[in-house]
$ cat query-v9.txt   # compact mmCIF, C-alpha atoms
# COMPACT_ATOMS: atom_id res chain seq x y z
CA LEU A 74 -2.59 1.54 -7.78
CA THR A 75 -1.12 -0.24 -10.79
CA SER A 76 0.70 -3.55 -10.75
CA PRO A 77 0.99 -5.51 -13.99
CA SER A 78 2.28 -8.61 -12.19
CA LYS A 79 -1.09 -9.44 -10.56
CA PRO A 80 -4.33 -8.32 -12.25
CA CYS A 81 -6.23 -8.74 -8.95
CA LEU A 82 -4.23 -5.80 -7.53
CA ALA A 83 -5.25 -3.35 -10.27
CA GLY A 84 -8.62 -2.49 -8.68
CA ASN A 85 -7.19 -1.91 -5.21
CA THR A 86 -7.44 1.61 -3.83
CA PHE A 87 -5.44 3.31 -1.11
CA VAL A 88 -6.27 6.64 0.51
CA PHE A 89 -3.43 8.28 2.43
CA ARG A 90 -4.76 11.09 4.62
CA SER A 91 -2.85 14.06 6.06
CA ASP A 92 -3.75 12.95 9.61
CA ASP A 93 -1.52 9.85 9.09
CA THR A 94 -4.44 7.46 8.57
CA PHE A 95 -5.10 5.31 5.54
CA ALA A 96 -7.97 3.36 4.02
CA PHE A 97 -7.46 0.36 1.74
CA ASP A 98 -10.10 -1.38 -0.39
CA GLU A 99 -9.57 -4.66 -2.29
CA GLY A 100 -11.71 -3.61 -5.25
CA ALA A 101 -13.92 -5.97 -7.23
CA GLU A 102 -11.38 -8.82 -7.55
CA LYS A 103 -9.63 -10.09 -4.42
CA CYS A 104 -6.33 -11.96 -4.71
CA SER A 105 -7.46 -14.27 -1.89
CA SER A 106 -11.00 -14.90 -0.71
CA THR A 107 -9.76 -14.72 2.90
CA ASP A 108 -8.46 -11.13 2.52
CA PRO A 109 -10.63 -8.46 4.16
CA GLN A 110 -12.44 -6.14 1.75
CA THR A 111 -11.26 -3.05 3.61
CA VAL A 112 -8.46 -2.18 6.02
CA ASN A 113 -8.08 1.04 7.97
CA GLY A 114 -5.12 2.14 10.01
CA ARG A 115 -2.22 4.54 10.39
CA TRP A 116 0.79 5.17 8.19
CA GLU A 117 4.19 6.67 8.92
CA LEU A 118 7.14 7.75 6.77
CA TYR A 119 10.65 7.25 8.13
CA ASN A 120 13.90 7.11 6.11
CA SER A 121 12.06 6.65 2.78
CA THR A 122 9.99 3.77 4.16
CA ILE A 123 6.21 3.93 4.54
CA THR A 124 4.92 1.56 7.21
CA MET A 125 1.18 0.96 7.26
CA ARG A 126 -0.38 -0.59 10.37
CA GLU A 127 -3.92 -1.81 10.80
CA ASN A 128 -5.96 -0.24 13.60
CA GLY A 129 -4.97 -3.18 15.81
CA SER A 130 -1.27 -2.24 15.28
CA LYS A 131 -0.55 -5.27 13.06
CA THR A 132 1.77 -4.31 10.18
CA PHE A 133 -0.30 -4.26 6.99
CA LEU A 134 2.28 -3.22 4.39
CA VAL A 135 5.80 -1.78 4.21
CA LEU A 136 6.68 0.28 1.14
CA LYS A 137 10.12 1.60 0.15
CA LEU A 138 9.68 5.00 -1.46
CA LYS A 139 11.44 5.30 -4.83
CA SER A 140 9.97 8.58 -6.10
CA LEU A 141 7.26 11.05 -5.13
CA SER A 142 5.56 13.95 -6.89
CA ALA A 143 2.29 15.82 -6.40
CA SER A 144 0.46 13.28 -8.57
CA LYS A 145 2.44 10.03 -8.40
CA MET A 146 4.27 7.84 -5.89
CA VAL A 147 6.45 4.88 -6.92
CA THR A 148 7.31 2.31 -4.26
CA GLU A 149 8.85 -1.14 -3.90
CA VAL A 150 7.73 -4.04 -1.72
CA ASP A 151 9.95 -6.88 -0.52
CA ASN A 152 8.50 -10.10 -1.94
CA ASN A 153 9.72 -12.54 0.76
CA GLY A 154 12.80 -13.58 -1.21
CA GLY A 155 11.17 -13.31 -4.63
CA PRO A 156 11.63 -10.45 -7.09
CA VAL A 157 10.87 -7.01 -5.65
CA ILE A 158 7.38 -5.77 -6.59
CA GLU A 159 7.01 -2.18 -7.76
CA TYR A 160 3.76 -0.32 -7.03
CA THR A 161 2.82 2.97 -8.65
CA PHE A 162 0.18 5.07 -6.90
CA VAL A 163 -1.57 7.81 -8.88
CA ALA A 164 -3.47 10.65 -7.24
CA LYS A 165 -7.18 10.93 -8.04

$ encode --input "query-v9.txt" --output "structure tokens"
Amino acid sequence: LTSPSKPCLAGNTFVFRSDDTFAFDEGAEKCSSTDPQTVNGRWELYNSTITMRENGSKTFLVLKLKSLSASKMVTEVDNNGGPVIEYTFVAK
């Protein structure tokens, strides 16, 4: 995951699995000390929107899909009225 707007996001990792589950890890630098280090849950794609829910069904993140290839996914996140944040995911 790359995001030049917040350096604390650069070390974050996401794993999207083919069984519709995901794993998220905050990396070495958390943006907030109260954030959990890891989150696991399920993801779904509907109408170019990826909705990620924690195992307890709480919405974790909603991503609008801008482009997708075998090695890269570009998404946007609503920033609660602020400028839209673009996230680029690169396959490893």

$ closest_residue --input "query-v9.txt" --among "A:Thr122, A:Thr86, A:Leu136, A:Cys81" --to "Ser106 (chain A)" --atoms "only C-alpha atoms"
A:Cys81

$ residues_around --input "query-v9.txt" --residues "region 99-101 of chain A" --least-positions-apart "2" --cutoff "7 Å" --atoms "all atoms listed in the file" --output "number ranges by chain"
A: 84-86, 97, 103, 110-111

$ closest_residue --input "query-v9.txt" --among "A:Glu102, A:Thr94, A:Leu138, A:Pro109" --to "Leu82 (chain A)" --atoms "only C-alpha atoms"
A:Glu102

$ residues_around --input "query-v9.txt" --residues "Val157 (chain A)" --least-positions-apart "4" --cutoff "12 Å" --atoms "only C-alpha atoms" --output "list of chain:residue names"
A:Ser76, A:Ser78, A:Leu136, A:Lys137, A:Thr148, A:Glu149, A:Val150, A:Asp151, A:Asn152, A:Asn153

$ write_last_selection --input "query-v9.txt" --atoms "C-alpha atoms" --output "PDB file, keeping the file's coordinate frame"
ATOM      1  CA  SER A  76       0.700  -3.550 -10.750  1.00  0.00           C
ATOM      2  CA  SER A  78       2.280  -8.610 -12.190  1.00  0.00           C
ATOM      3  CA  LEU A 136       6.680   0.280   1.140  1.00  0.00           C
ATOM      4  CA  LYS A 137      10.120   1.600   0.150  1.00  0.00           C
ATOM      5  CA  THR A 148       7.310   2.310  -4.260  1.00  0.00           C
ATOM      6  CA  GLU A 149       8.850  -1.140  -3.900  1.00  0.00           C
ATOM      7  CA  VAL A 150       7.730  -4.040  -1.720  1.00  0.00           C
ATOM      8  CA  ASP A 151       9.950  -6.880  -0.520  1.00  0.00           C
ATOM      9  CA  ASN A 152       8.500 -10.100  -1.940  1.00  0.00           C
ATOM     10  CA  ASN A 153       9.720 -12.540   0.760  1.00  0.00           C
TER      11      ASN A 153
END

$ atom_distance --input "query-v9.txt" --atom1 "CA of Ser142 (chain A)" --atom2 "CA of Lys79 (chain A)"
24.6 Å

$ atom_distance --input "query-v9.txt" --atom1 "CA of Ile158 (chain A)" --atom2 "CA of Gly129 (chain A)"
25.7 Å

$ closest_residue --input "query-v9.txt" --among "A:Gly155, A:Gly114, A:Ala143, A:Asn128" --to "Phe89 (chain A)" --atoms "only C-alpha atoms"
A:Gly114

$ closest_residue --input "query-v9.txt" --among "A:Thr161, A:Asn113, A:Thr132, A:Ser105" --to "Asp93 (chain A)" --atoms "all atoms listed in the file"
A:Asn113

$ residues_around --input "query-v9.txt" --residues "region 144-147 of chain A" --least-positions-apart "6" --cutoff "6 Å" --atoms "all atoms listed in the file" --output "CSV table (one decimal) with C-alpha atoms, keeping the file's coordinate frame"
chain,number,residue,atom,x,y,z
A,160,TYR,CA,3.8,-0.3,-7.0
A,161,THR,CA,2.8,3.0,-8.6
A,162,PHE,CA,0.2,5.1,-6.9
A,163,VAL,CA,-1.6,7.8,-8.9
A,164,ALA,CA,-3.5,10.6,-7.2

$ closest_residue --input "query-v9.txt" --among "A:Ser91, A:Lys165, A:Cys104, A:Glu159" --to "Trp116 (chain A)" --atoms "only C-alpha atoms"
A:Ser91

$ atom_distance --input "query-v9.txt" --atom1 "CA of Phe87 (chain A)" --atom2 "CA of Phe133 (chain A)"
12.2 Å

$ closest_residue --input "query-v9.txt" --among "A:Val88, A:Lys139, A:Pro156, A:Pro80" --to "Met125 (chain A)" --atoms "only C-alpha atoms"
A:Val88
